[in-house]
Structures are given as structure tokens and as C-alpha cells.
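Asks: Contents of coords_27.csv (CSV, C-alpha atoms) are below:
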```
chain,number,residue,atom,x,y,z
A,1,MET,CA,0.0,0.0,0.0
A,2,GLY,CA,3.0,2.3,0.2
A,3,TYR,CA,2.8,4.0,-3.1
A,4,VAL,CA,2.8,7.6,-1.9
A,5,GLY,CA,5.8,7.1,0.4
A,6,ASN,CA,7.8,5.7,-2.4
A,7,TYR,CA,7.0,8.7,-4.6
A,8,ILE,CA,8.3,11.0,-1.9
A,9,GLU,CA,11.4,8.8,-1.6
A,10,ARG,CA,12.1,9.2,-5.3
A,11,SER,CA,11.5,12.9,-5.4
A,12,ARG,CA,14.4,13.8,-3.2
A,13,GLU,CA,12.5,16.7,-1.6
A,14,GLY,CA,12.7,15.1,1.8
A,15,GLU,CA,16.5,14.8,1.7
A,16,LEU,CA,16.8,18.5,0.9
A,17,ALA,CA,14.6,19.4,3.9
A,18,ALA,CA,16.5,17.0,6.1
A,19,MET,CA,19.8,18.5,5.2
A,20,GLN,CA,18.6,22.0,5.9
A,21,GLN,CA,17.5,20.8,9.4
A,22,LEU,CA,20.8,19.2,10.1
A,23,ASP,CA,22.5,22.5,9.4
A,24,ASP,CA,20.1,24.2,11.9
A,25,PRO,CA,21.4,23.9,15.5
A,26,VAL,CA,17.9,24.5,16.8
A,27,ALA,CA,16.3,21.7,14.8
A,28,ASP,CA,13.2,20.5,16.6
A,29,GLN,CA,13.8,17.0,17.9
A,30,ARG,CA,10.3,16.7,19.2
A,31,ALA,CA,9.0,17.2,15.6
A,32,LEU,CA,11.3,14.4,14.5
A,33,VAL,CA,9.9,12.1,17.1
A,34,ILE,CA,6.3,13.0,16.2
A,35,SER,CA,7.3,12.4,12.5
A,36,ASP,CA,8.7,9.0,13.2
A,37,VAL,CA,5.7,8.0,15.3
A,38,SER,CA,3.3,9.1,12.6
A,39,ILE,CA,5.1,7.0,10.0
A,40,VAL,CA,5.1,4.0,12.3
A,41,LEU,CA,1.3,4.6,12.6
A,42,VAL,CA,1.1,4.6,8.7
A,43,ALA,CA,3.0,1.3,8.6
A,44,VAL,CA,0.6,-0.2,11.2
A,45,ILE,CA,-2.5,1.1,9.3
A,46,TRP,CA,-1.2,-0.3,6.0
A,47,GLY,CA,-0.3,-3.6,7.6
A,48,SER,CA,-3.9,-3.9,8.8
A,49,THR,CA,-5.4,-3.1,5.3
A,50,TYR,CA,-4.9,-6.6,3.9
A,51,VAL,CA,-7.1,-8.2,6.5
A,52,VAL,CA,-9.6,-5.3,6.2
A,53,MET,CA,-9.7,-5.8,2.4
A,54,GLN,CA,-10.4,-9.5,2.9
A,55,ILE,CA,-13.3,-8.7,5.3
A,56,VAL,CA,-14.9,-6.0,3.1
A,57,GLY,CA,-14.3,-8.3,0.1
A,58,HIS,CA,-17.0,-10.6,1.4
A,59,SER,CA,-19.6,-7.8,0.9
A,60,LEU,CA,-18.5,-6.0,-2.3
A,61,PRO,CA,-16.9,-6.9,-5.6
A,62,VAL,CA,-13.4,-5.5,-6.3
A,63,MET,CA,-14.2,-2.4,-8.4
A,64,ALA,CA,-17.1,-1.2,-6.3
A,65,PHE,CA,-15.0,-1.6,-3.2
A,66,LEU,CA,-12.1,0.3,-4.8
A,67,ALA,CA,-14.4,3.1,-6.0
A,68,LEU,CA,-16.0,3.6,-2.5
A,69,ARG,CA,-12.6,3.6,-0.8
A,70,PHE,CA,-11.4,6.5,-3.0
A,71,VAL,CA,-14.7,8.3,-2.8
A,72,CYS,CA,-14.1,8.4,1.0
A,73,SER,CA,-10.5,9.7,0.5
A,74,LEU,CA,-11.1,12.5,-2.0
A,75,PRO,CA,-12.9,15.0,0.3
A,76,VAL,CA,-10.1,14.8,2.8
A,77,ILE,CA,-7.3,15.4,0.4
A,78,ALA,CA,-9.3,18.1,-1.4
A,79,VAL,CA,-9.7,20.0,1.9
A,80,MET,CA,-6.2,19.5,3.1
A,81,GLY,CA,-4.7,20.5,-0.3
A,82,ARG,CA,-7.2,23.3,-1.1
A,83,ARG,CA,-4.5,26.0,-1.4
A,84,SER,CA,-2.3,24.0,-3.7
A,85,LEU,CA,-5.2,22.8,-5.8
A,86,ARG,CA,-6.1,26.4,-6.7
A,87,ALA,CA,-2.9,26.4,-8.8
A,88,LEU,CA,-3.4,23.0,-10.5
A,89,THR,CA,-1.6,23.0,-13.8
A,90,ALA,CA,-2.2,21.1,-17.1
A,91,HIS,CA,1.1,19.3,-16.6
A,92,GLU,CA,0.1,18.1,-13.2
A,93,VAL,CA,-3.2,16.8,-14.6
A,94,ARG,CA,-1.4,14.9,-17.3
A,95,SER,CA,1.1,13.4,-14.8
A,96,GLY,CA,-1.7,12.6,-12.4
A,97,ALA,CA,-3.7,10.9,-15.1
A,98,LEU,CA,-0.8,8.7,-16.1
A,99,PHE,CA,0.2,7.7,-12.6
A,100,GLY,CA,-3.5,7.4,-11.6
A,101,THR,CA,-4.0,4.8,-14.3
A,102,LEU,CA,-1.0,2.8,-13.1
A,103,LEU,CA,-2.2,3.2,-9.5
A,104,PHE,CA,-5.5,1.8,-10.5
A,105,GLY,CA,-3.8,-1.2,-11.9
A,106,VAL,CA,-1.8,-1.7,-8.7
A,107,LEU,CA,-4.8,-1.4,-6.4
A,108,ALA,CA,-7.1,-3.4,-8.6
A,109,CYS,CA,-4.6,-6.3,-8.6
A,110,GLU,CA,-4.0,-5.9,-4.8
A,111,THR,CA,-7.7,-5.8,-3.9
A,112,ALA,CA,-8.4,-8.8,-6.1
A,113,GLY,CA,-5.3,-10.8,-5.1
A,114,VAL,CA,-5.8,-10.6,-1.4
A,115,ARG,CA,-9.0,-12.5,-1.8
A,116,PHE,CA,-7.1,-15.6,-3.1
A,117,THR,CA,-4.1,-15.7,-0.8
A,118,SER,CA,-3.3,-15.0,2.8
A,119,ALA,CA,-3.1,-11.5,4.2
A,120,ALA,CA,0.5,-12.2,5.4
A,121,ASN,CA,1.6,-13.3,1.9
A,122,ALA,CA,0.0,-10.2,0.3
A,123,GLY,CA,1.8,-7.9,2.7
A,124,PHE,CA,5.2,-9.6,2.0
A,125,LEU,CA,4.8,-9.9,-1.7
A,126,ILE,CA,3.7,-6.3,-2.4
A,127,THR,CA,7.0,-5.2,-0.8
A,128,VAL,CA,8.8,-6.9,-3.7
A,129,SER,CA,8.1,-3.7,-5.7
A,130,VAL,CA,10.9,-2.0,-3.7
A,131,VAL,CA,13.6,-4.5,-4.7
A,132,LEU,CA,12.4,-4.4,-8.3
A,133,ILE,CA,13.0,-0.7,-8.7
A,134,PRO,CA,16.8,-1.0,-9.4
A,135,LEU,CA,16.1,-3.6,-12.1
A,136,PHE,CA,13.6,-1.2,-13.8
A,137,GLU,CA,16.0,1.7,-13.5
A,138,TRP,CA,18.8,-0.4,-15.1
A,139,ALA,CA,16.5,-1.7,-17.9
A,140,LEU,CA,14.9,1.6,-18.7
A,141,PHE,CA,17.5,4.2,-17.9
A,142,ARG,CA,20.8,2.2,-17.5
A,143,ARG,CA,21.1,3.5,-13.9
A,144,ARG,CA,23.4,1.3,-11.9
A,145,TYR,CA,23.7,0.8,-8.1
A,146,HIS,CA,26.0,-0.7,-5.6
A,147,ALA,CA,26.3,-4.5,-6.1
A,148,LEU,CA,24.6,-5.2,-2.8
A,149,VAL,CA,21.4,-3.7,-4.2
A,150,TYR,CA,21.3,-6.4,-6.8
A,151,VAL,CA,22.1,-9.1,-4.2
A,152,ALA,CA,19.2,-7.8,-2.2
A,153,THR,CA,17.0,-8.0,-5.3
A,154,LEU,CA,17.9,-11.7,-5.7
A,155,CYS,CA,17.2,-12.3,-2.1
A,156,GLY,CA,13.8,-10.7,-2.4
A,157,LEU,CA,12.9,-12.8,-5.4
A,158,ALA,CA,14.0,-15.9,-3.6
A,159,GLY,CA,11.7,-14.9,-0.8
A,160,CYS,CA,8.9,-14.7,-3.3
A,161,GLY,CA,9.6,-18.2,-4.3
A,162,LEU,CA,9.4,-19.5,-0.8
A,163,LEU,CA,6.1,-17.7,-0.1
A,164,SER,CA,4.6,-19.0,-3.4
A,165,LEU,CA,5.6,-22.6,-2.4
A,166,ALA,CA,4.4,-22.2,1.2
A,167,HIS,CA,1.1,-23.9,0.4
A,168,GLY,CA,2.4,-26.5,-2.1
A,169,PHE,CA,4.4,-26.7,-5.3
A,170,ARG,CA,1.7,-24.8,-7.2
A,171,PRO,CA,1.6,-21.0,-6.5
A,172,GLN,CA,-1.7,-19.6,-5.4
A,173,LEU,CA,-3.6,-17.4,-7.8
A,174,GLY,CA,-3.6,-14.6,-5.3
A,175,ASP,CA,0.2,-14.7,-5.0
A,176,LEU,CA,0.5,-14.3,-8.7
A,177,ILE,CA,-2.0,-11.4,-8.8
A,178,ILE,CA,-0.2,-9.6,-5.9
A,179,LEU,CA,3.2,-10.1,-7.7
A,180,GLY,CA,1.5,-8.4,-10.7
A,181,ALA,CA,0.6,-5.5,-8.5
A,182,ALA,CA,4.2,-5.3,-7.3
A,183,LEU,CA,5.5,-5.2,-10.8
A,184,ILE,CA,3.2,-2.4,-11.8
A,185,ARG,CA,4.0,-0.5,-8.6
A,186,GLY,CA,7.8,-0.8,-9.1
A,187,PHE,CA,7.4,0.4,-12.7
A,188,GLN,CA,5.2,3.3,-11.5
A,189,ILE,CA,7.6,4.4,-8.9
A,190,THR,CA,10.5,4.3,-11.3
A,191,LEU,CA,8.7,6.4,-13.9
A,192,PHE,CA,7.6,8.9,-11.2
A,193,GLY,CA,11.2,9.3,-9.9
A,194,ARG,CA,12.5,9.9,-13.4
A,195,GLY,CA,9.7,12.4,-14.2
A,196,SER,CA,10.2,14.2,-10.9
A,197,ALA,CA,13.9,14.7,-11.7
A,198,ARG,CA,13.3,16.0,-15.2
A,199,SER,CA,10.1,18.0,-15.1
A,200,GLY,CA,9.6,21.5,-13.8
A,201,PRO,CA,8.2,22.2,-10.3
A,202,GLN,CA,5.0,20.3,-9.6
A,203,SER,CA,2.8,19.9,-6.6
A,204,LEU,CA,2.8,16.3,-5.2
A,205,VAL,CA,-0.5,17.1,-3.6
A,206,ASN,CA,-2.0,18.1,-6.9
A,207,ILE,CA,-0.7,15.1,-8.7
A,208,THR,CA,-1.9,12.8,-6.0
A,209,PHE,CA,-5.4,14.4,-6.0
A,210,VAL,CA,-5.7,13.8,-9.8
A,211,GLU,CA,-4.5,10.2,-9.3
A,212,PHE,CA,-7.2,9.6,-6.7
A,213,VAL,CA,-9.8,11.1,-9.0
A,214,VAL,CA,-8.6,8.9,-11.9
A,215,VAL,CA,-8.7,5.7,-9.7
A,216,THR,CA,-12.2,6.6,-8.5
A,217,LEU,CA,-13.5,7.1,-12.1
A,218,LEU,CA,-11.8,4.0,-13.5
A,219,ALA,CA,-13.1,1.8,-10.7
A,220,GLY,CA,-16.6,3.3,-11.0
A,221,VAL,CA,-16.7,2.8,-14.7
A,222,ALA,CA,-15.3,-0.8,-14.5
A,223,SER,CA,-17.8,-1.6,-11.7
A,224,ALA,CA,-20.7,-0.3,-13.8
A,225,ALA,CA,-19.6,-2.2,-16.8
A,226,PHE,CA,-18.6,-5.6,-15.4
A,227,GLU,CA,-20.1,-6.0,-11.9
A,228,THR,CA,-23.8,-6.8,-11.3
A,229,GLY,CA,-26.1,-6.2,-8.4
A,230,VAL,CA,-23.8,-3.5,-6.9
A,231,PRO,CA,-26.5,-1.0,-5.8
A,232,GLU,CA,-28.3,-3.7,-3.9
A,233,ARG,CA,-25.1,-4.9,-2.3
A,234,ILE,CA,-24.1,-1.4,-1.3
A,235,GLY,CA,-27.6,-0.9,0.3
A,236,GLN,CA,-27.1,-4.0,2.3
A,237,LEU,CA,-23.7,-2.9,3.8
A,238,THR,CA,-23.6,-2.9,7.6
A,239,GLY,CA,-22.4,0.0,9.6
A,240,SER,CA,-19.2,-1.8,10.5
A,241,THR,CA,-18.4,-2.5,6.8
A,242,TRP,CA,-18.9,1.2,6.1
A,243,LEU,CA,-16.5,2.0,8.9
A,244,LEU,CA,-13.9,-0.3,7.4
A,245,ILE,CA,-14.3,1.3,4.0
A,246,GLY,CA,-13.9,4.8,5.6
A,247,TYR,CA,-10.9,3.6,7.5
A,248,LEU,CA,-9.2,2.6,4.3
A,249,GLY,CA,-10.2,5.8,2.5
A,250,VAL,CA,-9.5,8.3,5.2
A,251,LEU,CA,-6.7,6.8,7.3
A,252,GLY,CA,-5.2,4.3,4.9
A,253,THR,CA,-5.1,6.7,1.9
A,254,SER,CA,-5.4,10.4,2.6
A,255,PHE,CA,-3.9,10.5,6.1
A,256,ALA,CA,-1.1,8.2,5.0
A,257,PHE,CA,-0.2,10.5,2.1
A,258,PHE,CA,0.0,13.7,4.2
A,259,ALA,CA,1.8,12.0,7.1
A,260,GLN,CA,4.5,10.8,4.7
A,261,LEU,CA,4.8,14.1,2.9
A,262,ARG,CA,5.3,15.9,6.2
A,263,SER,CA,7.7,13.3,7.6
A,264,ALA,CA,9.8,13.3,4.4
A,265,ARG,CA,10.3,17.0,4.9
A,266,ILE,CA,11.3,16.7,8.5
A,267,GLY,CA,13.4,13.5,8.6
A,268,GLY,CA,14.1,12.8,5.0
A,269,SER,CA,12.5,10.3,2.6
A,270,ALA,CA,15.1,7.6,3.3
A,271,ARG,CA,14.2,7.6,7.0
A,272,VAL,CA,10.5,7.4,6.0
A,273,GLY,CA,11.2,4.5,3.6
A,274,ILE,CA,13.1,2.5,6.2
A,275,ILE,CA,10.3,2.8,8.8
A,276,LEU,CA,7.7,1.9,6.2
A,277,SER,CA,9.7,-1.3,5.5
A,278,THR,CA,8.1,-2.6,8.6
A,279,GLU,CA,4.7,-2.7,6.9
A,280,PRO,CA,4.8,-6.4,6.0
A,281,VAL,CA,5.7,-7.3,9.5
A,282,PHE,CA,2.5,-5.6,10.8
A,283,ALA,CA,0.6,-7.3,7.9
A,284,ALA,CA,1.8,-10.7,9.2
A,285,LEU,CA,0.9,-9.7,12.8
A,286,PHE,CA,-2.6,-8.7,11.9
A,287,ALA,CA,-3.0,-11.8,9.8
A,288,VAL,CA,-2.2,-13.9,12.8
A,289,LEU,CA,-4.2,-11.9,15.4
A,290,LEU,CA,-7.3,-11.0,13.4
A,291,ALA,CA,-7.6,-13.5,10.6
A,292,GLY,CA,-6.2,-16.5,12.6
A,293,GLU,CA,-3.6,-17.3,9.9
A,294,LEU,CA,-0.7,-19.6,10.8
A,295,LEU,CA,2.7,-18.8,9.4
A,296,GLY,CA,4.6,-21.8,8.2
A,297,PRO,CA,8.5,-22.0,8.1
A,298,LEU,CA,8.6,-21.2,4.4
A,299,GLN,CA,6.4,-18.1,4.9
A,300,VAL,CA,8.6,-16.9,7.7
A,301,ALA,CA,11.8,-17.5,5.7
A,302,GLY,CA,10.4,-15.9,2.6
A,303,GLY,CA,9.1,-12.9,4.6
A,304,VAL,CA,12.4,-12.4,6.3
A,305,LEU,CA,14.2,-12.4,2.9
A,306,ILE,CA,11.8,-9.9,1.4
A,307,VAL,CA,11.8,-7.5,4.4
A,308,GLY,CA,15.6,-7.8,4.7
A,309,ALA,CA,16.0,-7.2,0.9
A,310,ALA,CA,13.7,-4.1,1.1
A,311,LEU,CA,15.7,-2.6,4.0
A,312,ILE,CA,19.0,-3.2,2.3
A,313,GLY,CA,17.6,-1.8,-0.9
A,314,ARG,CA,16.4,1.4,0.8
A,315,LEU,CA,19.7,1.9,2.6
A,316,MET,CA,21.9,1.2,-0.5
A,317,THR,CA,19.9,2.8,-3.4
A,318,GLY,CA,21.6,6.1,-2.7
A,319,ARG,CA,24.9,4.5,-3.5
A,320,GLU,CA,25.1,4.3,-7.3
A,321,ALA,CA,28.0,2.7,-9.1
A,322,GLY,CA,31.0,5.0,-9.3
A,323,PRO,CA,30.7,6.5,-12.8
A,324,ALA,CA,27.0,6.9,-12.6
A,325,ARG,CA,27.3,8.6,-9.2
A,326,ARG,CA,29.9,11.0,-10.5
A,327,ASN,CA,27.9,11.8,-13.6
A,328,ARG,CA,24.8,12.6,-11.5
A,329,ARG,CA,26.8,14.8,-9.1
A,330,LEU,CA,28.0,16.8,-12.1
A,331,ALA,CA,24.5,17.0,-13.6
A,332,GLY,CA,22.8,17.9,-10.3
A,333,ALA,CA,19.6,16.5,-8.9
A,334,GLY,CA,17.4,18.5,-11.3
A,335,PRO,CA,14.2,20.4,-10.4
A,336,ARG,CA,12.3,19.1,-7.4
A,337,PRO,CA,8.6,18.9,-7.0
A,338,HIS,CA,7.1,21.3,-4.5
A,339,ASP,CA,3.7,21.7,-2.8
```
What is this structure when it is put down as C-alpha cells?

Replies:
Amino acid sequence: MGYVGNYIERSREGELAAMQQLDDPVADQRALVISDVSIVLVAVIWGSTYVVMQIVGHSLPVMAFLALRFVCSLPVIAVMGRRSLRALTAHEVRSGALFGTLLFGVLACETAGVRFTSAANAGFLITVSVVLIPLFEWALFRRRYHALVYVATLCGLAGCGLLSLAHGFRPQLGDLIILGAALIRGFQITLFGRGSARSGPQSLVNITFVEFVVVTLLAGVASAAFETGVPERIGQLTGSTWLLIGYLGVLGTSFAFFAQLRSARIGGSARVGIILSTEPVFAALFAVLLAGELLGPLQVAGGVLIVGAALIGRLMTGREAGPARRNRRLAGAGPRPHD
């Protein structure tokens, strides 16, 4: 679920703010603690979403569920970003439309996939997107990293294999769908990072608002076209189900975005990314406590490999191979998005 956090990580805006704070002898340590606590809270919320999606999935089809989730998220982000949205540009609309379409693909696969696998597996497998980013950057832009990053990638893929075989020698359909979501998400983050470095100043709030609108529209159209009996099923939703949908929309989407944006500016995006790497651990914890799942040895081993690979990847992706690093230092970081 950590798509916004990874965008901030690729934009480098957080690192700039963090360096400015480090040069300030009166930097507010209390703000840093609050920032870290808020990101831990985001990791906890996102870890719980896989079980929540399974619960709500019993009452609603995939597209209707996704549309309602983002309908709940839009008013919050519209109110909190109202100043920035007044200056919405055509370029931000185009960027938001592109990345919103990719985000729709990620979340559609994720929402569908969690219905056919365990919540723990879903939480671990979606994290593979982090370790795939260096491969996408090498394939698309010939950007090279420290060798340990690629070792971490291999470890993460090995962890995928262990998770997929945890229930027998035939991978579960849900695992394959979640891996599809991870592939799209890794590609999406890679493109966003490259676009952030090369485009003029853009508002991350504005782009994300457009993304959320696009996801809402695509999910609504897909639901109307392919899902039957949706109005009746919506009318039969219980109060607790509506609370869970609102929880995903308000806390799991809008709050998570703004918490990460603020924390990236205070502590740096790398710090945010490392804390968010705990998301699959919380996903496994909620799967055991709320869904009664039991983790087998292969699942534990695969999860450890994936989380470890994600942590190493986040720590090491700032260390490009020598020539590439020198070239980027000479070229500079390029324009940074602003809000």
C-alpha cells in the first residue's frame, strides 16, 4: 500500500529538507519524534489493510469496493490540499492521469489478489516492488547501483519463491496477482522518480489528487460495466463495513499520504522509507491476530528475505555505481517537486 511514500522517496524533496534541518542547530527533535511515530502509525495502518480488504471483500466486488474507498479519500485530500489545488496545472493533470492509471492497476490487482491468498503473503509480496526498482531503472535508464542492491533483489525474489511454495508446489492465484501489482508498482515508482527529476516544479499534492480522481473514475466505470447487483449490495452494507471502507479511504489513503509528505520534509525520505519497510511485519501480525492465519516455516523464511532485501535496498539505493554517481553529481539533482 506504500505507493505515496515511495513517490516521496524518489522525489528527493525530503532529503533537501532534512539536510537543511541538520544545518540548523535549533532543529526541533520533538518534531522528528512525532514524525517517526506518525510513519510507524502509517505502517501499522497499511499492515492492517490486507485483513480489512479480505473482510470487506465478502460484501463487495473488487471495483465497487475500490471506488467507494477512494470516494471516501477524495474530500479529505481536497480540503487539506485546497491551497495547492487552486494552482493546479495542465502538466500536473497529465502526470496525475498517467500515474493514476498505473495506481488503479496496482490497487485493482492488490484488492483482487488478497481474496485468493493469505493476508500475510499479500503484505510480504507487495513489498517486492521496492527491490524491483533497481532492475527497472537499469533496464529503462541504465542507472546502476552498488552490487549489494542487486544481491538484495535476488534475495527478495528468492523470498517470493518461498512464499509461493508455502502452500504446495503450485503457486496460489492470489500470490501471482499480488506479484503483478508489485511489478506495476515498481514500474510506476521508477517512472515517477524519473519524471520528478526532469520536469519543472510540480505539486505532489495536486498530482496525487488527480491520481485519486482517476482511480475513482476508472473503478466506478469498471464496476458499472462488469459487476452486477452493486447498488443492492451497497444498500445491504452494515455500519461496521462502512467504517472499514472509511478507515481505508481516510486513514489508509489520505492521512497516510499527508503523514508521509510531512515526515519526508522533517526527517528525509530515506528515513520514511526505512520505517515503512516494517509494513509487511505488521501485515503478518494482523493476519495472525485478526484472521487466525498460521505462518509456516517457508512463509517466515520468505518474509524475512523480502523485508531484509527491502531494508538493504532502501539503505543502499543512494549509492550508485562509481561512474553513474559522479555523472549525476555533475549533472545535479534537477528540479524538485514542491507543494

Asks: Return the single residue from A:Gln188, A:Thr127, A:Ser118, A:Thr216 that is closest to A:Leu173, with distances computed using only C-alpha atoms.

Replies: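 Once distances to A:Leu173 are computed over only C-alpha atoms, the minimum belongs to A:Ser118.
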
Asks: Using only C-alpha atoms, which residues sit within 6 Å of A:Ile207 once same-chain residues fewer than 3 positions away are excluded, as a count of residues only?

Replies: 4

Asks: So, with only C-alpha atoms as the atoms that count, which of A:Val51, A:Ala67, A:Leu217, A:Leu103 lies closest to A:Leu289?

Replies: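 Closest to A:Leu289, using only C-alpha atoms: A:Val51.
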
Asks: So which residues fall inside 6 Å of (-10.2, 4.7, 1.1) if we count only C-alpha atoms? Mind giving them as number ranges by chain?

Replies: A: 69-70, 72-73, 246, 248-250, 253

Asks: Given the selection you just returned, output its residues as a file containing C-alpha atoms, formatted as a PDB file, in the coordinates of the input.

Replies:
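What follows is the written file result03.pdb:
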```
ATOM      1  CA  ARG A  69     -12.600   3.600  -0.800  1.00  0.00           C
ATOM      2  CA  PHE A  70     -11.400   6.500  -3.000  1.00  0.00           C
ATOM      3  CA  CYS A  72     -14.100   8.400   1.000  1.00  0.00           C
ATOM      4  CA  SER A  73     -10.500   9.700   0.500  1.00  0.00           C
ATOM      5  CA  GLY A 246     -13.900   4.800   5.600  1.00  0.00           C
ATOM      6  CA  LEU A 248      -9.200   2.600   4.300  1.00  0.00           C
ATOM      7  CA  GLY A 249     -10.200   5.800   2.500  1.00  0.00           C
ATOM      8  CA  VAL A 250      -9.500   8.300   5.200  1.00  0.00           C
ATOM      9  CA  THR A 253      -5.100   6.700   1.900  1.00  0.00           C
TER      10      THR A 253
END
```

Asks: Between A:Gly273, A:Gly302, A:Ala225, A:Leu311, which one has atoms that come closest to A:Cys160, using only C-alpha atoms?

Replies: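 Once distances to A:Cys160 are computed over only C-alpha atoms, the minimum belongs to A:Gly302.
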
Asks: Please identify all polymer residues within 10 Å of stretch 240-244 of chain A, counting all atoms listed in the file, omitting same-chain residues fewer than 4 positions from it, and present them as a list in words.

Replies: Thr49, Val52, Met53, Ile55, Val56, Gly57, His58, Ser59, Leu60, Leu68, Arg69, Ile234, Gln236, Leu248, Gly249 and Val250 of chain A

Asks: Determine the nearest neighbour of A:Phe99 from the options A:Ile184, A:Ala139, A:Leu154, A:Val42, counting only C-alpha atoms.

Replies: A:Ile184

Asks: Could you tell me how far atom CA of A:Leu315 lies from atom CA of A:Trp46, in Å and to one decimal?

Replies: 21.3 Å

Asks: What does the structure give for the distance between atom CA of A:Pro297 and atom CA of A:Leu132, in Å to one decimal?

Replies: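 For atom CA of A:Pro297 relative to atom CA of A:Leu132, the distance reads 24.4 Å.
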
Asks: Counting only C-alpha atoms, which residue out of A:Val106, A:Leu191, A:Val307, A:Ala147 sits closest to A:Ile274?

Replies: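 Closest to A:Ile274 of all the choices is A:Val307.
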
Asks: One number please: atom CA of A:Arg314 to atom CA of A:Pro280, in Å, one decimal.

Replies: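 If I compute the distance from atom CA of A:Arg314 to atom CA of A:Pro280, I get 14.9 Å.
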
Asks: Which is closer to A:Leu74 than all the others in A:Ser35, A:Gln172, A:Ser254, A:Ser164, using all atoms listed in the file?

Replies: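 Using all atoms listed in the file, A:Leu74 sits closest to A:Ser254.
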
Asks: Kindly complete stretch 85-100 of chain A to N, CA, C and O atoms; the output should be written as a CSV table (one decimal), in the frame of the given file.

Replies:
```csv
chain,number,residue,atom,x,y,z
A,85,LEU,N,-4.3,23.2,-4.7
A,85,LEU,CA,-5.2,22.8,-5.8
A,85,LEU,C,-5.7,24.0,-6.6
A,85,LEU,O,-6.1,23.9,-7.8
A,86,ARG,N,-5.7,25.2,-6.0
A,86,ARG,CA,-6.1,26.4,-6.7
A,86,ARG,C,-5.1,26.7,-7.9
A,86,ARG,O,-5.5,27.4,-8.8
A,87,ALA,N,-3.9,26.2,-7.8
A,87,ALA,CA,-2.9,26.4,-8.8
A,87,ALA,C,-2.6,25.2,-9.6
A,87,ALA,O,-1.5,25.0,-10.2
A,88,LEU,N,-3.6,24.3,-9.7
A,88,LEU,CA,-3.4,23.0,-10.5
A,88,LEU,C,-3.1,23.4,-11.9
A,88,LEU,O,-3.8,24.2,-12.6
A,89,THR,N,-2.0,22.7,-12.5
A,89,THR,CA,-1.6,23.0,-13.8
A,89,THR,C,-2.0,21.8,-14.8
A,89,THR,O,-2.2,20.7,-14.3
A,90,ALA,N,-1.9,22.1,-16.1
A,90,ALA,CA,-2.2,21.1,-17.1
A,90,ALA,C,-1.2,19.9,-17.0
A,90,ALA,O,-1.5,18.8,-17.2
A,91,HIS,N,0.1,20.3,-16.7
A,91,HIS,CA,1.1,19.3,-16.6
A,91,HIS,C,0.9,18.4,-15.4
A,91,HIS,O,1.1,17.1,-15.5
A,92,GLU,N,0.4,18.9,-14.3
A,92,GLU,CA,0.1,18.1,-13.2
A,92,GLU,C,-1.1,17.2,-13.5
A,92,GLU,O,-1.1,16.0,-13.0
A,93,VAL,N,-2.1,17.7,-14.2
A,93,VAL,CA,-3.2,16.8,-14.6
A,93,VAL,C,-2.8,15.7,-15.5
A,93,VAL,O,-3.2,14.5,-15.3
A,94,ARG,N,-1.9,15.9,-16.4
A,94,ARG,CA,-1.4,14.9,-17.3
A,94,ARG,C,-0.6,13.8,-16.5
A,94,ARG,O,-0.7,12.6,-16.7
A,95,SER,N,0.3,14.3,-15.6
A,95,SER,CA,1.1,13.4,-14.8
A,95,SER,C,0.2,12.6,-13.9
A,95,SER,O,0.3,11.4,-13.7
A,96,GLY,N,-0.8,13.3,-13.3
A,96,GLY,CA,-1.7,12.6,-12.4
A,96,GLY,C,-2.5,11.5,-13.1
A,96,GLY,O,-2.8,10.5,-12.6
A,97,ALA,N,-2.9,11.8,-14.3
A,97,ALA,CA,-3.7,10.9,-15.1
A,97,ALA,C,-2.9,9.6,-15.4
A,97,ALA,O,-3.4,8.5,-15.3
A,98,LEU,N,-1.6,9.8,-15.8
A,98,LEU,CA,-0.8,8.7,-16.1
A,98,LEU,C,-0.6,7.8,-14.9
A,98,LEU,O,-0.8,6.6,-14.9
A,99,PHE,N,-0.1,8.5,-13.8
A,99,PHE,CA,0.2,7.7,-12.6
A,99,PHE,C,-1.1,7.2,-11.9
A,99,PHE,O,-1.0,6.1,-11.2
A,100,GLY,N,-2.2,7.9,-12.1
A,100,GLY,CA,-3.5,7.4,-11.6
A,100,GLY,C,-3.9,6.1,-12.3
A,100,GLY,O,-4.4,5.2,-11.6
```
